[in-house]
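> One structure is given below, represented as structure tokens, and several questions about it will come after.
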Amino acid sequence: METLKHKTKSAYEEMTKTHGYKNPMQSPSIKKVVISVGVGSVKDKAKIKLIEDRLSKITGQKAAARTAKVAIANFKSREGDLVGYQVTLRGARMHDFLEKLIHISLPRTKDFRGISRDAADDMGNYTLGIKEHTIFPETADEELKDVFGMAITIVTTAKSKKEVQAFLEHLGFPFKK
């Protein structure tokens with residue numbers, strides 16, 4: 001099986017036909033993957049600790065706490081309150097996480113028919129929302145009452161929406177037909 005790292009290198013030959021690259025450095029590559037979980041509405045300290053622990057297990061890296069930058073009265077948040085956790089993956093951990101996401105976790109999603117092509121933005125990034133963290137194999141022993149969602153942003157060097165869609169399709173992302 002060809003790994004994600006090898007597919008990224010072969011993207012130049014494949015995408016030159018459609019995008020007209022003249023140099024291998026023009027072909028897109030993945031810079032980083034950012035995984036975010038919000039805990040703004042959760043008041044239970046044990047559940048917040050569980051979210052941090054599970055996110056660290058899923059990504060293989062310690063989750064960094066994110067705090068509110070400004071106070072918002074309607075959300076009952078003050079400046080400095082904990083609003084979520086975030087993990088930024090690069091290099092080998094990034095490639096391992098994406099392999100696990102594409103080949104193991106997404107197919108475990110209930111009623112999975114593919115991911116949306118519309119989640120790509122004009123700056124070459126792709127953001128995927130996951131409703132239940134239990135699709136990851138590290139959380140198999142978990143109770144269903146403490147389920148949380150997350151956002152996974154794949155930051156690429158692609159210049160447009162069409163380019164990032166073609167690149168991720170070449171890497172093997174399961175898009176809807």
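Ordered as shown in the structure tokens, chains take letters A, B, and onward, while each chain numbers its residues from 1 and ligands are numbered from 1 in the order shown.
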Would you give me, as a ChimeraX atom specification, the residues in region 22-127 of chain A that DSSP reads as alpha helix (DSSP H)?
/A:45-59,91-100
> Would you put the residues from that selection into a file with N, CA and C atoms, as a short mmCIF file (atom, residue, chain, number, x, y, z; two decimals), in the first residue's frame?

```cif
data_model
loop_
_atom_site.label_atom_id
_atom_site.label_comp_id
_atom_site.auth_asym_id
_atom_site.auth_seq_id
_atom_site.Cartn_x
_atom_site.Cartn_y
_atom_site.Cartn_z
N LYS A 45 -15.61 19.90 35.53
CA LYS A 45 -14.14 19.85 35.43
C LYS A 45 -13.65 18.47 35.03
N ALA A 46 -14.33 17.41 35.47
CA ALA A 46 -13.92 16.04 35.13
C ALA A 46 -14.10 15.79 33.63
N LYS A 47 -15.18 16.31 33.07
CA LYS A 47 -15.40 16.12 31.63
C LYS A 47 -14.38 16.92 30.81
N ILE A 48 -14.03 18.10 31.27
CA ILE A 48 -13.01 18.91 30.58
C ILE A 48 -11.67 18.18 30.61
N LYS A 49 -11.33 17.58 31.74
CA LYS A 49 -10.09 16.80 31.85
C LYS A 49 -10.14 15.58 30.94
N LEU A 50 -11.31 14.94 30.84
CA LEU A 50 -11.48 13.79 29.96
C LEU A 50 -11.30 14.19 28.49
N ILE A 51 -11.83 15.34 28.11
CA ILE A 51 -11.69 15.82 26.73
C ILE A 51 -10.21 16.05 26.40
N GLU A 52 -9.49 16.69 27.33
CA GLU A 52 -8.06 16.93 27.11
C GLU A 52 -7.30 15.61 26.98
N ASP A 53 -7.61 14.66 27.86
CA ASP A 53 -6.94 13.36 27.85
C ASP A 53 -7.23 12.60 26.56
N ARG A 54 -8.49 12.55 26.14
CA ARG A 54 -8.87 11.82 24.92
C ARG A 54 -8.25 12.45 23.68
N LEU A 55 -8.23 13.78 23.61
CA LEU A 55 -7.63 14.46 22.45
C LEU A 55 -6.13 14.16 22.39
N SER A 56 -5.48 14.11 23.54
CA SER A 56 -4.05 13.77 23.58
C SER A 56 -3.81 12.34 23.12
N LYS A 57 -4.70 11.41 23.50
CA LYS A 57 -4.56 10.02 23.07
C LYS A 57 -4.79 9.88 21.57
N ILE A 58 -5.79 10.57 21.04
CA ILE A 58 -6.12 10.48 19.62
C ILE A 58 -4.98 11.00 18.75
N THR A 59 -4.38 12.11 19.15
CA THR A 59 -3.36 12.76 18.32
C THR A 59 -1.94 12.30 18.64
N GLY A 91 4.88 16.94 10.31
CA GLY A 91 5.84 15.87 10.06
C GLY A 91 5.23 14.48 10.15
N ALA A 92 5.96 13.57 10.80
CA ALA A 92 5.57 12.16 10.85
C ALA A 92 4.26 11.95 11.61
N ARG A 93 4.05 12.68 12.71
CA ARG A 93 2.78 12.55 13.45
C ARG A 93 1.60 12.98 12.60
N MET A 94 1.79 14.02 11.80
CA MET A 94 0.73 14.50 10.91
C MET A 94 0.37 13.42 9.89
N HIS A 95 1.39 12.83 9.26
CA HIS A 95 1.14 11.78 8.26
C HIS A 95 0.48 10.56 8.90
N ASP A 96 0.93 10.16 10.08
CA ASP A 96 0.33 9.02 10.77
C ASP A 96 -1.13 9.29 11.12
N PHE A 97 -1.42 10.51 11.60
CA PHE A 97 -2.79 10.87 11.96
C PHE A 97 -3.70 10.85 10.73
N LEU A 98 -3.23 11.41 9.61
CA LEU A 98 -4.04 11.43 8.39
C LEU A 98 -4.28 10.02 7.85
N GLU A 99 -3.26 9.15 7.92
CA GLU A 99 -3.44 7.75 7.51
C GLU A 99 -4.54 7.10 8.35
N LYS A 100 -4.48 7.31 9.67
CA LYS A 100 -5.47 6.73 10.58
C LYS A 100 -6.86 7.32 10.29
#
```
> Please identify every residue of region 98-175 of chain A that has at least one atom no farther than 12 Å from an atom of region 62-86 of chain A, counting only C-alpha atoms, and for each give the shortest atom pair and the distance in Å to one decimal, arranged by chain then increasing number, as CSV.

```
residue,atom,partner,partner_atom,distance
A:Phe148,CA,A:Gly84,CA,11.6
A:Gly149,CA,A:Gly84,CA,11.4
A:Met150,CA,A:Gln86,CA,9.6
A:Ala151,CA,A:Gln86,CA,9.5
A:Ile152,CA,A:Gln86,CA,9.9
A:Thr153,CA,A:Gln86,CA,10.9
```
> What does the distance from CA of Lys162 (chain A) to CA of Arg90 (chain A) come to in Å, to one decimal?
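Between CA of Lys162 (chain A) and CA of Arg90 (chain A) the gap works out to 23.6 Å.
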> Select from region 7-155 of chain A everything DSSP, run on the backbone, classes as strand (DSSP E or B), then give the selection as a ChimeraX atom specification.
/A:30-38,64-67,72,77,82-89,115,120,125-130,150-155
> Produce a file of the selected residues containing N, CA and C atoms, as a compact mmCIF listing (two decimals), in the first residue's frame.

```
# COMPACT_ATOMS: atom_id res chain seq x y z
N ILE A 30 1.06 19.19 2.18
CA ILE A 30 0.38 19.45 3.45
C ILE A 30 1.39 20.07 4.40
N LYS A 31 1.06 21.25 4.95
CA LYS A 31 1.95 21.92 5.91
C LYS A 31 1.73 21.42 7.32
N LYS A 32 0.45 21.38 7.74
CA LYS A 32 0.13 20.98 9.11
C LYS A 32 -1.32 20.56 9.21
N VAL A 33 -1.66 19.90 10.30
CA VAL A 33 -3.03 19.52 10.61
C VAL A 33 -3.34 20.05 12.00
N VAL A 34 -4.45 20.79 12.12
CA VAL A 34 -4.84 21.39 13.39
C VAL A 34 -6.15 20.75 13.85
N ILE A 35 -6.16 20.16 15.05
CA ILE A 35 -7.35 19.53 15.60
C ILE A 35 -7.82 20.38 16.77
N SER A 36 -9.10 20.82 16.73
CA SER A 36 -9.65 21.71 17.76
C SER A 36 -10.90 21.11 18.38
N VAL A 37 -11.03 21.29 19.69
CA VAL A 37 -12.22 20.87 20.41
C VAL A 37 -12.64 22.02 21.31
N GLY A 38 -13.90 22.41 21.24
CA GLY A 38 -14.43 23.47 22.09
C GLY A 38 -15.02 22.90 23.36
N ALA A 64 -3.07 21.62 23.78
CA ALA A 64 -2.82 22.94 24.36
C ALA A 64 -4.15 23.61 24.67
N ALA A 65 -4.26 24.18 25.85
CA ALA A 65 -5.48 24.87 26.26
C ALA A 65 -5.59 26.21 25.53
N ARG A 66 -6.80 26.57 25.12
CA ARG A 66 -7.07 27.85 24.48
C ARG A 66 -8.03 28.63 25.36
N THR A 67 -7.72 29.90 25.58
CA THR A 67 -8.54 30.74 26.46
C THR A 67 -9.22 31.84 25.67
N ILE A 72 -17.39 37.99 26.70
CA ILE A 72 -18.65 38.12 25.98
C ILE A 72 -19.77 37.79 26.96
N SER A 77 -18.87 34.34 29.28
CA SER A 77 -17.44 34.03 29.32
C SER A 77 -16.65 35.28 29.68
N LEU A 82 -11.23 29.17 29.94
CA LEU A 82 -10.91 28.08 29.02
C LEU A 82 -12.07 27.89 28.04
N VAL A 83 -11.77 27.93 26.74
CA VAL A 83 -12.83 27.74 25.72
C VAL A 83 -12.58 26.51 24.86
N GLY A 84 -11.41 25.91 24.93
CA GLY A 84 -11.17 24.72 24.12
C GLY A 84 -9.75 24.23 24.21
N TYR A 85 -9.50 23.16 23.43
CA TYR A 85 -8.16 22.58 23.32
C TYR A 85 -7.80 22.46 21.86
N GLN A 86 -6.51 22.55 21.57
CA GLN A 86 -6.04 22.50 20.19
C GLN A 86 -4.72 21.75 20.13
N VAL A 87 -4.55 20.99 19.03
CA VAL A 87 -3.31 20.27 18.78
C VAL A 87 -2.89 20.56 17.35
N THR A 88 -1.63 20.93 17.15
CA THR A 88 -1.09 21.15 15.81
C THR A 88 -0.08 20.05 15.52
N LEU A 89 -0.33 19.30 14.45
CA LEU A 89 0.54 18.19 14.07
C LEU A 89 1.33 18.54 12.82
N ILE A 115 -16.86 12.41 2.51
CA ILE A 115 -16.78 13.75 3.07
C ILE A 115 -17.11 14.78 1.99
N ALA A 120 -13.54 22.85 1.53
CA ALA A 120 -12.28 23.50 1.17
C ALA A 120 -12.53 25.00 1.05
N ASN A 125 -7.11 25.47 2.31
CA ASN A 125 -7.26 24.69 3.53
C ASN A 125 -8.53 23.86 3.44
N TYR A 126 -8.57 22.75 4.17
CA TYR A 126 -9.76 21.90 4.20
C TYR A 126 -10.11 21.65 5.66
N THR A 127 -11.36 21.95 6.05
CA THR A 127 -11.80 21.76 7.43
C THR A 127 -12.89 20.71 7.47
N LEU A 128 -12.67 19.71 8.30
CA LEU A 128 -13.58 18.58 8.42
C LEU A 128 -14.13 18.55 9.84
N GLY A 129 -15.44 18.51 9.97
CA GLY A 129 -16.07 18.43 11.29
C GLY A 129 -16.43 17.00 11.62
N ILE A 130 -16.12 16.57 12.82
CA ILE A 130 -16.46 15.22 13.27
C ILE A 130 -17.35 15.36 14.50
N MET A 150 -15.15 17.45 17.11
CA MET A 150 -13.90 18.17 16.87
C MET A 150 -13.87 18.68 15.45
N ALA A 151 -13.00 19.65 15.21
CA ALA A 151 -12.76 20.17 13.87
C ALA A 151 -11.32 19.85 13.50
N ILE A 152 -11.14 19.29 12.30
CA ILE A 152 -9.81 18.95 11.81
C ILE A 152 -9.54 19.81 10.59
N THR A 153 -8.54 20.69 10.67
CA THR A 153 -8.18 21.57 9.56
C THR A 153 -6.87 21.09 8.96
N ILE A 154 -6.90 20.82 7.65
CA ILE A 154 -5.70 20.39 6.93
C ILE A 154 -5.21 21.60 6.15
N VAL A 155 -4.05 22.12 6.54
CA VAL A 155 -3.48 23.32 5.91
C VAL A 155 -2.53 22.86 4.81
```
> Distance CA of His170 (chain A)-CA of Lys110 (chain A), one decimal place?
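Here the two named atoms are 24.4 Å from each other.
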> Taking into account only C-alpha atoms, which residue in the set A:Thr16, A:Ser41, A:Thr139, A:Ser105 is nearest to Pro174 (chain A)?
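Of the candidates, the smallest distance to Pro174 (chain A) is held by A:Ser105.
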> Between CA of Lys177 (chain A) and CA of Gly114 (chain A), measure the distance and give it in Å to one decimal.
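Distance between the two atoms: 7.5 Å.
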> Select, from A:Phe136, A:Ser10, A:Ala158, A:Asn23, the residue with the minimum atom-to-atom distance to Ile102 (chain A), counting only C-alpha atoms.
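Checking each of A:Phe136, A:Ser10, A:Ala158, A:Asn23 against Ile102 (chain A), counting only C-alpha atoms, the winner is A:Phe136.
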> Set the distance at 10 Å and use only C-alpha atoms: which residues neighbour Gln26 (chain A) once local chain neighbours fewer than 2 positions away are removed? I'd like the list as an MDAnalysis selection string.
chainID A and resid 12 16 19:24 28:29 157:159
> So that I have them on file, write out the residues from the current selection with N, CA and C atoms, as a PDB file, in the first residue's frame.

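Generated file (part38.pdb):
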```pdb
ATOM      1  N   TYR A  12       2.830  15.653  -8.004  1.00  0.00           N
ATOM      2  CA  TYR A  12       3.312  16.534  -9.073  1.00  0.00           C
ATOM      3  C   TYR A  12       3.005  15.944 -10.448  1.00  0.00           C
ATOM      4  N   THR A  16       0.127  17.777 -12.721  1.00  0.00           N
ATOM      5  CA  THR A  16       0.695  18.592 -13.791  1.00  0.00           C
ATOM      6  C   THR A  16      -0.209  18.559 -15.021  1.00  0.00           C
ATOM      7  N   HIS A  19      -3.220  21.017 -13.925  1.00  0.00           N
ATOM      8  CA  HIS A  19      -2.916  22.366 -13.451  1.00  0.00           C
ATOM      9  C   HIS A  19      -1.717  23.010 -14.152  1.00  0.00           C
ATOM     10  N   GLY A  20      -0.996  22.267 -14.968  1.00  0.00           N
ATOM     11  CA  GLY A  20       0.092  22.820 -15.752  1.00  0.00           C
ATOM     12  C   GLY A  20       1.286  23.315 -14.964  1.00  0.00           C
ATOM     13  N   TYR A  21       1.725  22.531 -13.971  1.00  0.00           N
ATOM     14  CA  TYR A  21       2.904  22.920 -13.201  1.00  0.00           C
ATOM     15  C   TYR A  21       4.149  22.779 -14.064  1.00  0.00           C
ATOM     16  N   LYS A  22       5.098  23.676 -13.870  1.00  0.00           N
ATOM     17  CA  LYS A  22       6.366  23.610 -14.596  1.00  0.00           C
ATOM     18  C   LYS A  22       7.511  23.159 -13.687  1.00  0.00           C
ATOM     19  N   ASN A  23       7.246  23.113 -12.386  1.00  0.00           N
ATOM     20  CA  ASN A  23       8.269  22.806 -11.395  1.00  0.00           C
ATOM     21  C   ASN A  23       7.641  21.943 -10.292  1.00  0.00           C
ATOM     22  N   PRO A  24       8.320  20.924  -9.803  1.00  0.00           N
ATOM     23  CA  PRO A  24       7.746  20.105  -8.720  1.00  0.00           C
ATOM     24  C   PRO A  24       7.406  20.899  -7.456  1.00  0.00           C
ATOM     25  N   PRO A  28       1.024  21.086  -4.681  1.00  0.00           N
ATOM     26  CA  PRO A  28       0.639  21.296  -3.281  1.00  0.00           C
ATOM     27  C   PRO A  28       1.248  20.251  -2.344  1.00  0.00           C
ATOM     28  N   SER A  29       1.376  20.630  -1.102  1.00  0.00           N
ATOM     29  CA  SER A  29       1.799  19.705  -0.049  1.00  0.00           C
ATOM     30  C   SER A  29       1.054  20.089   1.224  1.00  0.00           C
ATOM     31  N   THR A 157      -0.488  23.893   0.812  1.00  0.00           N
ATOM     32  CA  THR A 157       0.102  24.992   0.046  1.00  0.00           C
ATOM     33  C   THR A 157      -0.664  25.233  -1.249  1.00  0.00           C
ATOM     34  N   ALA A 158      -1.829  24.613  -1.393  1.00  0.00           N
ATOM     35  CA  ALA A 158      -2.642  24.797  -2.599  1.00  0.00           C
ATOM     36  C   ALA A 158      -3.112  26.246  -2.686  1.00  0.00           C
ATOM     37  N   LYS A 159      -3.286  26.726  -3.912  1.00  0.00           N
ATOM     38  CA  LYS A 159      -3.635  28.133  -4.139  1.00  0.00           C
ATOM     39  C   LYS A 159      -5.136  28.372  -4.301  1.00  0.00           C
TER      40      LYS A 159
END
```
> Between A:Leu168, A:Thr18, A:Gly60, A:Phe173, which residue has the minimum interatomic distance to Arg113 (chain A), considering only C-alpha atoms?
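Residue with the minimum atom-to-atom distance to Arg113 (chain A): A:Phe173.
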